[in-house]
Amino acid sequence: MTGPDGAPGRLTVSAAGRERRFAPGDRVLIGRGAGCDLVLADARVSRRHLEITFDGGWVLRDLDSANGTWHEDTAVTARPAGAGLAVRLGDRLDGVLVEIIVTPPEDGAEAPVREPVPLGRRLTIGRGRGNGLVLDDPLVSREHARIVRGARGHVVQDLGSANLTFRNGDRVTRAPLCDGDVLTIGRTRLVRIADRLHFLPGDPDTGLELDELAVLPGSGGAPLTLSLTGGSLLAIVGPSGSGKSLLLRQIAGRLPPAAGRIRYESRDVHANADIRTRIALVPDRHTGHRRLTVRQAAGTTAALRRPADTAPAELAEAVRDALAETGLTEAAGRRAGSLDAERRRRLRIACELLTGPSLLLVDEPFAGLDPGRARDLMRLLRRLADAGRQVVVATREPTDLASCDAVLVLARGAREAYLGPPAGLRQRFVSPEWADVFDDLAAVADARSDLLDGGPPAVEPPVRVPAAPAASVRDRAARRRIAHQAGIVARRRVRLIAADPPVLGLLALVPPLLVLLAATVADGTGLAVAGDGARRVLAVLTLGVAAASAVPVARAVAGDRAVYAHERAAGLPPEAYLPAEAAVFGGVAVLQAAATAVLWLAVRPGPAGAVLLVLPALELGVALAATALVSVLLGAAVAAFLPRPDRALPAVAAATAVQLPLCGALVPLAGEPLLGALAVFAPARWGFAALAATTGLGAGDPGDALWRHAAVPWAMSLLALAVQGALLAAAALWRLRR
């Protein structure tokens, strides 16, 4: 018997108040005749009306019946059963209803089966007790999804859940729910049959399956085939460049294999987005924020990945359980950066355990650890597997492999050199030293590479698996979910800034330092008289605010490259990440700009009058704040396109420096058409123009119309800054989505 992906399963057929179960290999005959397996006493049903047979999967075939077999007003001659199906015999409207459901085979004792749930006109599904269908699962929101009956049938709608709703493996926000469709909510799978939802139990006999898998294109050698069932620990061992990490990312569904299939719980990992939510990948790099405490790091991960309506007490309990399971309870109050390498890796594992994955992939957990710590970490992984999970470890520094259930040794090019129990390693390899084994594997790989007939190089495939389509931001539930995640990311950034005294001190020193620098180039009239002294002051304030606003956010976003990539794969949308970072650093930049304006007016005279906002001090503050906000978005966009800090920071510095001649303070733009055209794209050009309009610099330099002491030039400058900010935000968001 099979499920939707061809996995052997049990068949249950019910009709006319009777129910029977069948095993693979059975031939099920339904009709009016006495020799049928399910006898239906209805004159419209033929004596031998319908048969269900197993042919790589359960298939229904109409036996040339007089009145036909009908599925949703369509005559059926032959049709796969999939996970379930409802057909009518004898009449398409009110014929005898036959319900068919395919479930995994029994393993030992009979598992308790929940009664089917009637759909009715309206059914809500969630963790809360007020729902029509209550799912006691921490990954399910209190009100997770709703099924309503409309003019064209039932429709399922996601209600802004944290962990999404899936129909037939694909993420949905609103979609029709037809007969035979499989609905996945949290860890629960349900199949619609007629007007009821049937529970699909998990298959205890299936786990991770690699079927004729080629990790790299043109690498040669036999494809990988293996199977893990139950609580198992598999070690993937190989030298650097053998494709271990790439294989883990393919198993997690983040990259496609060159050939073959990867299935988990009998379902294709790359074709079913819902099954990927049960797989957790622990990266080889430290992706957490070192200045957060262990409890804060795990708590932030829990808040991001669990439903927004999860109570704080539930989140705290989940964090305590994950830290206890990984042996980090005593270190909960310590900063992550103060932990040794082994405990930091335990923390990464703890963060992934917060969602209760059934398949845990751990990349290079033993790198750089002394033998004792590596052995302790392997024992932890063994305990996690013994708790019922499947654990796959990729390592180039194998240790304590006797604790594993199986070992896969890869040669260069991701070719299988050994697959079997740890005890067989001694028979397979002559030397017990892994350094010698890796040398031998490299020599064999070099010899074979000469025979590959000019195949493509063994490099990581650049094509990525398409992500599930993002929910429309116009959808109210999606907006709520994004706002919730953005709030978590923003609170984390505030904590990180507060936990870094040097950075906090530098941010606080920006306004007085800018005012001090501006005072050194000013004359005694300050900004009260439109002259060269005022022009120099405005140039210092504009460019100083621009640089002070762009650099911190660029440093943070570029430094978050690994963090963001990991959280993006786990479900954090860029629509939540970018606004959160921009809001925090934008808020800091606005405070700095306002403080700069206030401090300047406290020590030197300000402009004589305003052009639009009544108070000249208010206009100065607004213009500096707008320049600061656009500069924050400029820094974020540069960091998104150049994510490495050693490249992003020089690029931001260069982008700020090039604005000095483009702002118009030093070089007249009126007589320079090329320079004037380039200046349109410089935020400092428009920020300086707004300040100049308030100050009235146009009285001394009528060549620049934007400097006139009037409302129109000031408003035009602010509008140009707003357009620049929108374009920079769109560019950064586009890049982060990729």
# chains A, B, ... in the order shown; residues from 1 in each chain; ligands from 1

$ residues_around --residues "A:Arg373" --least-positions-apart "6" --cutoff "10 Å" --atoms "only C-alpha atoms" --output "MDAnalysis selection string"
chainID A and resid 341:343 366 379

$ write_last_selection --atoms "C-alpha atoms" --output "PDB file, in the first residue's frame"
ATOM      1  CA  ALA A 341      34.044  26.121  20.966  1.00  0.00           C
ATOM      2  CA  GLU A 342      32.352  22.928  22.114  1.00  0.00           C
ATOM      3  CA  ARG A 343      29.661  24.762  24.099  1.00  0.00           C
ATOM      4  CA  PHE A 366      34.229  18.465  15.933  1.00  0.00           C
ATOM      5  CA  ARG A 379      27.902  11.333  23.045  1.00  0.00           C
TER       6      ARG A 379
END

$ select_by_dssp --residues "stretch 317-366 of chain A" --states "helix (DSSP H, G or I)" --output "VMD selection string"
chain A and resid 317 to 325 329 to 331 336 to 338 341 to 353

$ write_last_selection --atoms "N, CA and C atoms" --output "compact mmCIF listing (two decimals), in the first residue's frame"
# COMPACT_ATOMS: atom_id res chain seq x y z
N GLU A 317 9.87 27.79 28.73
CA GLU A 317 9.96 26.35 29.01
C GLU A 317 10.67 25.61 27.87
N ALA A 318 10.36 25.99 26.63
CA ALA A 318 11.02 25.36 25.48
C ALA A 318 12.52 25.63 25.50
N VAL A 319 12.91 26.85 25.85
CA VAL A 319 14.33 27.19 25.93
C VAL A 319 15.00 26.38 27.03
N ARG A 320 14.36 26.28 28.20
CA ARG A 320 14.94 25.50 29.30
C ARG A 320 15.12 24.04 28.90
N ASP A 321 14.13 23.48 28.22
CA ASP A 321 14.23 22.08 27.82
C ASP A 321 15.37 21.87 26.82
N ALA A 322 15.50 22.78 25.84
CA ALA A 322 16.56 22.63 24.84
C ALA A 322 17.94 22.78 25.47
N LEU A 323 18.08 23.74 26.39
CA LEU A 323 19.38 23.93 27.04
C LEU A 323 19.70 22.74 27.94
N ALA A 324 18.67 22.21 28.60
CA ALA A 324 18.92 21.04 29.46
C ALA A 324 19.31 19.83 28.63
N GLU A 325 18.68 19.66 27.48
CA GLU A 325 18.99 18.49 26.64
C GLU A 325 20.39 18.56 26.07
N THR A 329 22.42 24.23 30.74
CA THR A 329 21.61 24.89 31.76
C THR A 329 22.45 25.84 32.61
N GLU A 330 23.61 25.38 33.05
CA GLU A 330 24.44 26.21 33.92
C GLU A 330 25.04 27.40 33.19
N ALA A 331 25.12 27.34 31.88
CA ALA A 331 25.71 28.43 31.10
C ALA A 331 24.65 29.38 30.55
N ALA A 336 27.29 34.26 24.80
CA ALA A 336 27.69 33.21 23.86
C ALA A 336 29.15 33.33 23.46
N GLY A 337 29.65 34.56 23.37
CA GLY A 337 31.03 34.75 22.98
C GLY A 337 32.04 34.29 24.01
N SER A 338 31.59 34.13 25.27
CA SER A 338 32.51 33.68 26.32
C SER A 338 32.59 32.16 26.43
N ALA A 341 34.55 26.55 22.27
CA ALA A 341 34.04 26.12 20.97
C ALA A 341 33.02 25.00 21.09
N GLU A 342 33.26 24.06 21.99
CA GLU A 342 32.35 22.93 22.11
C GLU A 342 30.98 23.37 22.62
N ARG A 343 30.95 24.29 23.59
CA ARG A 343 29.66 24.76 24.10
C ARG A 343 28.94 25.65 23.09
N ARG A 344 29.68 26.40 22.29
CA ARG A 344 29.01 27.18 21.25
C ARG A 344 28.32 26.26 20.25
N ARG A 345 28.93 25.14 19.97
CA ARG A 345 28.28 24.19 19.06
C ARG A 345 27.07 23.53 19.72
N ARG A 346 27.17 23.30 21.00
CA ARG A 346 25.98 22.82 21.72
C ARG A 346 24.85 23.84 21.64
N LEU A 347 25.20 25.12 21.73
CA LEU A 347 24.18 26.17 21.65
C LEU A 347 23.52 26.17 20.27
N ARG A 348 24.30 26.00 19.22
CA ARG A 348 23.71 25.94 17.88
C ARG A 348 22.76 24.76 17.77
N ILE A 349 23.14 23.64 18.34
CA ILE A 349 22.25 22.47 18.32
C ILE A 349 20.99 22.75 19.12
N ALA A 350 21.14 23.38 20.29
CA ALA A 350 19.98 23.69 21.12
C ALA A 350 19.00 24.59 20.38
N CYS A 351 19.51 25.57 19.64
CA CYS A 351 18.62 26.47 18.90
C CYS A 351 17.81 25.71 17.85
N GLU A 352 18.40 24.70 17.23
CA GLU A 352 17.68 23.93 16.22
C GLU A 352 16.68 22.96 16.86
N LEU A 353 16.94 22.55 18.09
CA LEU A 353 16.02 21.62 18.75
C LEU A 353 14.73 22.30 19.19

$ residues_around --residues "stretch 68-77 of chain A" --least-positions-apart "4" --cutoff "7 Å" --atoms "only C-alpha atoms" --output "list of chain:residue names"
A:Arg61, A:Asp62, A:Ala86, A:Val87, A:Arg88, A:Leu89, A:Gly90, A:Arg92

$ write_last_selection --atoms "C-alpha atoms" --output "PDB file, in the first residue's frame"
ATOM      1  CA  ARG A  61     -10.429   0.772 -11.745  1.00  0.00           C
ATOM      2  CA  ASP A  62     -14.044   0.790 -12.817  1.00  0.00           C
ATOM      3  CA  ALA A  86     -13.973   9.455  -2.196  1.00  0.00           C
ATOM      4  CA  VAL A  87     -16.000   8.102  -5.132  1.00  0.00           C
ATOM      5  CA  ARG A  88     -19.692   7.487  -5.748  1.00  0.00           C
ATOM      6  CA  LEU A  89     -20.961   4.292  -7.357  1.00  0.00           C
ATOM      7  CA  GLY A  90     -24.014   4.284  -9.613  1.00  0.00           C
ATOM      8  CA  ARG A  92     -22.654  11.103  -9.663  1.00  0.00           C
TER       9      ARG A  92
END

$ closest_residue --among "A:His154, A:Ala569, A:Ala546, A:Arg285" --to "A:Gly253" --atoms "only C-alpha atoms"
A:Ala569

$ select_by_dssp --residues "stretch 23-167 of chain A" --states "strand (DSSP E)" --output "VMD selection string"
chain A and resid 28 to 31 38 to 39 50 to 54 58 to 62 69 to 71 74 to 75 78 to 80 84 to 89 96 to 103 117 to 118 122 to 126 133 to 134 145 to 150 153 to 158 165 to 167

$ residues_around --residues "stretch 263-279 of chain A" --least-positions-apart "2" --cutoff "7 Å" --atoms "only C-alpha atoms" --output "PyMOL selection string"
chain A and resi 5+7+166+169-171+184+203+206-210+252-253+261+281+357-360

$ closest_residue --among "A:Val521, A:Leu224, A:Leu200, A:Ala385" --to "A:Arg535" --atoms "only C-alpha atoms"
A:Val521

$ residues_around --residues "stretch 47-55 of chain A" --least-positions-apart "5" --cutoff "10 Å" --atoms "only C-alpha atoms" --output "VMD selection string"
chain A and resid 1 to 2 6 8 11 13 23 to 42 60 to 69 77 to 81 89 to 90 100

$ atom_distance --atom1 "atom CA of A:His709" --atom2 "atom CA of A:Ala692"
7.8 Å

$ residues_around --residues "A:Ala539" --least-positions-apart "4" --cutoff "9 Å" --atoms "only C-alpha atoms" --output "list in words"
Ala518, Ala534, Arg535, Leu543, Gly544, Leu660, Cys663, Gly664, Ala665, Leu666, Ala684 and Phe688 of chain A

$ write_last_selection --atoms "all heavy atoms" --output "short mmCIF file (atom, residue, chain, number, x, y, z; two decimals), in the first residue's frame"
data_model
loop_
_atom_site.label_atom_id
_atom_site.label_comp_id
_atom_site.auth_asym_id
_atom_site.auth_seq_id
_atom_site.Cartn_x
_atom_site.Cartn_y
_atom_site.Cartn_z
N ALA A 518 32.36 71.09 13.24
CA ALA A 518 31.71 72.19 12.53
C ALA A 518 32.11 73.54 13.11
O ALA A 518 32.27 74.53 12.38
CB ALA A 518 30.20 72.02 12.56
N ALA A 534 28.95 79.57 6.87
CA ALA A 534 27.73 78.75 6.97
C ALA A 534 27.79 77.57 6.01
O ALA A 534 27.36 76.46 6.32
CB ALA A 534 26.51 79.61 6.67
N ARG A 535 28.35 77.82 4.81
CA ARG A 535 28.46 76.72 3.84
C ARG A 535 29.36 75.61 4.37
O ARG A 535 29.03 74.42 4.24
CB ARG A 535 29.01 77.24 2.51
CG ARG A 535 29.10 76.19 1.43
CD ARG A 535 29.74 76.72 0.19
NE ARG A 535 29.00 77.86 -0.36
CZ ARG A 535 29.28 78.42 -1.54
NH1 ARG A 535 30.29 77.95 -2.26
NH2 ARG A 535 28.59 79.45 -1.98
N LEU A 543 27.66 65.76 5.70
CA LEU A 543 28.49 64.58 5.42
C LEU A 543 28.79 63.81 6.68
O LEU A 543 28.90 62.57 6.65
CB LEU A 543 29.78 65.02 4.73
CG LEU A 543 29.58 65.60 3.33
CD1 LEU A 543 30.86 66.22 2.81
CD2 LEU A 543 29.10 64.52 2.37
N GLY A 544 28.94 64.49 7.81
CA GLY A 544 29.18 63.79 9.07
C GLY A 544 28.01 62.93 9.47
O GLY A 544 28.17 61.76 9.87
N LEU A 660 31.18 64.25 -1.13
CA LEU A 660 31.74 65.56 -0.77
C LEU A 660 31.74 66.51 -1.97
O LEU A 660 31.23 67.64 -1.87
CB LEU A 660 33.15 65.39 -0.19
CG LEU A 660 33.86 66.67 0.23
CD1 LEU A 660 33.06 67.40 1.30
CD2 LEU A 660 35.27 66.35 0.73
N CYS A 663 27.84 67.23 -3.21
CA CYS A 663 26.81 67.90 -2.42
C CYS A 663 26.65 69.37 -2.83
O CYS A 663 25.65 70.00 -2.50
CB CYS A 663 27.10 67.79 -0.93
SG CYS A 663 28.51 68.78 -0.38
N GLY A 664 27.66 69.92 -3.52
CA GLY A 664 27.57 71.30 -3.97
C GLY A 664 28.21 72.30 -3.06
O GLY A 664 28.25 73.50 -3.39
N ALA A 665 28.71 71.87 -1.92
CA ALA A 665 29.30 72.81 -0.98
C ALA A 665 30.67 73.29 -1.42
O ALA A 665 31.04 74.44 -1.20
CB ALA A 665 29.40 72.16 0.41
N LEU A 666 31.44 72.41 -2.06
CA LEU A 666 32.80 72.76 -2.47
C LEU A 666 32.89 73.11 -3.94
O LEU A 666 33.65 74.00 -4.33
CB LEU A 666 33.76 71.60 -2.14
CG LEU A 666 33.85 71.19 -0.68
CD1 LEU A 666 34.86 70.06 -0.52
CD2 LEU A 666 34.23 72.37 0.20
N ALA A 684 23.60 63.28 0.11
CA ALA A 684 24.15 64.51 0.69
C ALA A 684 23.78 65.73 -0.14
O ALA A 684 23.66 66.84 0.40
CB ALA A 684 25.66 64.39 0.83
N PHE A 688 22.03 68.60 1.95
CA PHE A 688 22.69 69.91 2.01
C PHE A 688 21.78 70.99 1.42
O PHE A 688 21.71 72.11 1.94
CB PHE A 688 24.01 69.86 1.25
CG PHE A 688 24.78 71.13 1.30
CD1 PHE A 688 25.63 71.41 2.36
CD2 PHE A 688 24.65 72.08 0.28
CE1 PHE A 688 26.34 72.60 2.41
CE2 PHE A 688 25.36 73.27 0.32
CZ PHE A 688 26.20 73.53 1.39
#

$ residues_around --residues "A:Gly153" --least-positions-apart "6" --cutoff "10 Å" --atoms "only C-alpha atoms" --output "mmCIF file with all heavy atoms, in the first residue's frame"
data_model
loop_
_atom_site.group_PDB
_atom_site.id
_atom_site.type_symbol
_atom_site.label_atom_id
_atom_site.label_comp_id
_atom_site.auth_asym_id
_atom_site.auth_seq_id
_atom_site.Cartn_x
_atom_site.Cartn_y
_atom_site.Cartn_z
ATOM 1 N N ARG A 121 -19.645 23.878 7.342
ATOM 2 C CA ARG A 121 -19.553 25.152 6.628
ATOM 3 C C ARG A 121 -18.304 25.927 7.017
ATOM 4 O O ARG A 121 -17.784 26.718 6.240
ATOM 5 C CB ARG A 121 -20.794 26.010 6.905
ATOM 6 C CG ARG A 121 -22.095 25.410 6.402
ATOM 7 C CD ARG A 121 -23.226 26.422 6.497
ATOM 8 N NE ARG A 121 -22.942 27.616 5.703
ATOM 9 C CZ ARG A 121 -23.201 27.725 4.408
ATOM 10 N NH1 ARG A 121 -23.746 26.705 3.752
ATOM 11 N NH2 ARG A 121 -22.919 28.838 3.755
ATOM 12 N N PRO A 176 -8.230 26.337 -2.805
ATOM 13 C CA PRO A 176 -9.299 25.336 -2.708
ATOM 14 C C PRO A 176 -8.778 24.041 -2.091
ATOM 15 O O PRO A 176 -7.623 23.662 -2.311
ATOM 16 C CB PRO A 176 -9.736 25.135 -4.164
ATOM 17 C CG PRO A 176 -8.569 25.587 -4.981
ATOM 18 C CD PRO A 176 -7.913 26.675 -4.200
ATOM 19 N N LEU A 177 -9.615 23.379 -1.332
ATOM 20 C CA LEU A 177 -9.275 22.095 -0.716
ATOM 21 C C LEU A 177 -10.181 21.041 -1.334
ATOM 22 O O LEU A 177 -11.367 20.950 -1.007
ATOM 23 C CB LEU A 177 -9.454 22.160 0.806
ATOM 24 C CG LEU A 177 -8.981 20.937 1.584
ATOM 25 C CD1 LEU A 177 -7.473 20.777 1.480
ATOM 26 C CD2 LEU A 177 -9.396 21.022 3.052
ATOM 27 N N CYS A 178 -9.616 20.259 -2.240
ATOM 28 C CA CYS A 178 -10.400 19.283 -2.995
ATOM 29 C C CYS A 178 -10.283 17.896 -2.379
ATOM 30 O O CYS A 178 -9.447 17.644 -1.512
ATOM 31 C CB CYS A 178 -9.934 19.257 -4.453
ATOM 32 S SG CYS A 178 -10.017 20.865 -5.266
#

$ atom_distance --atom1 "atom CA of A:Arg480" --atom2 "atom CA of A:Glu314"
20.5 Å
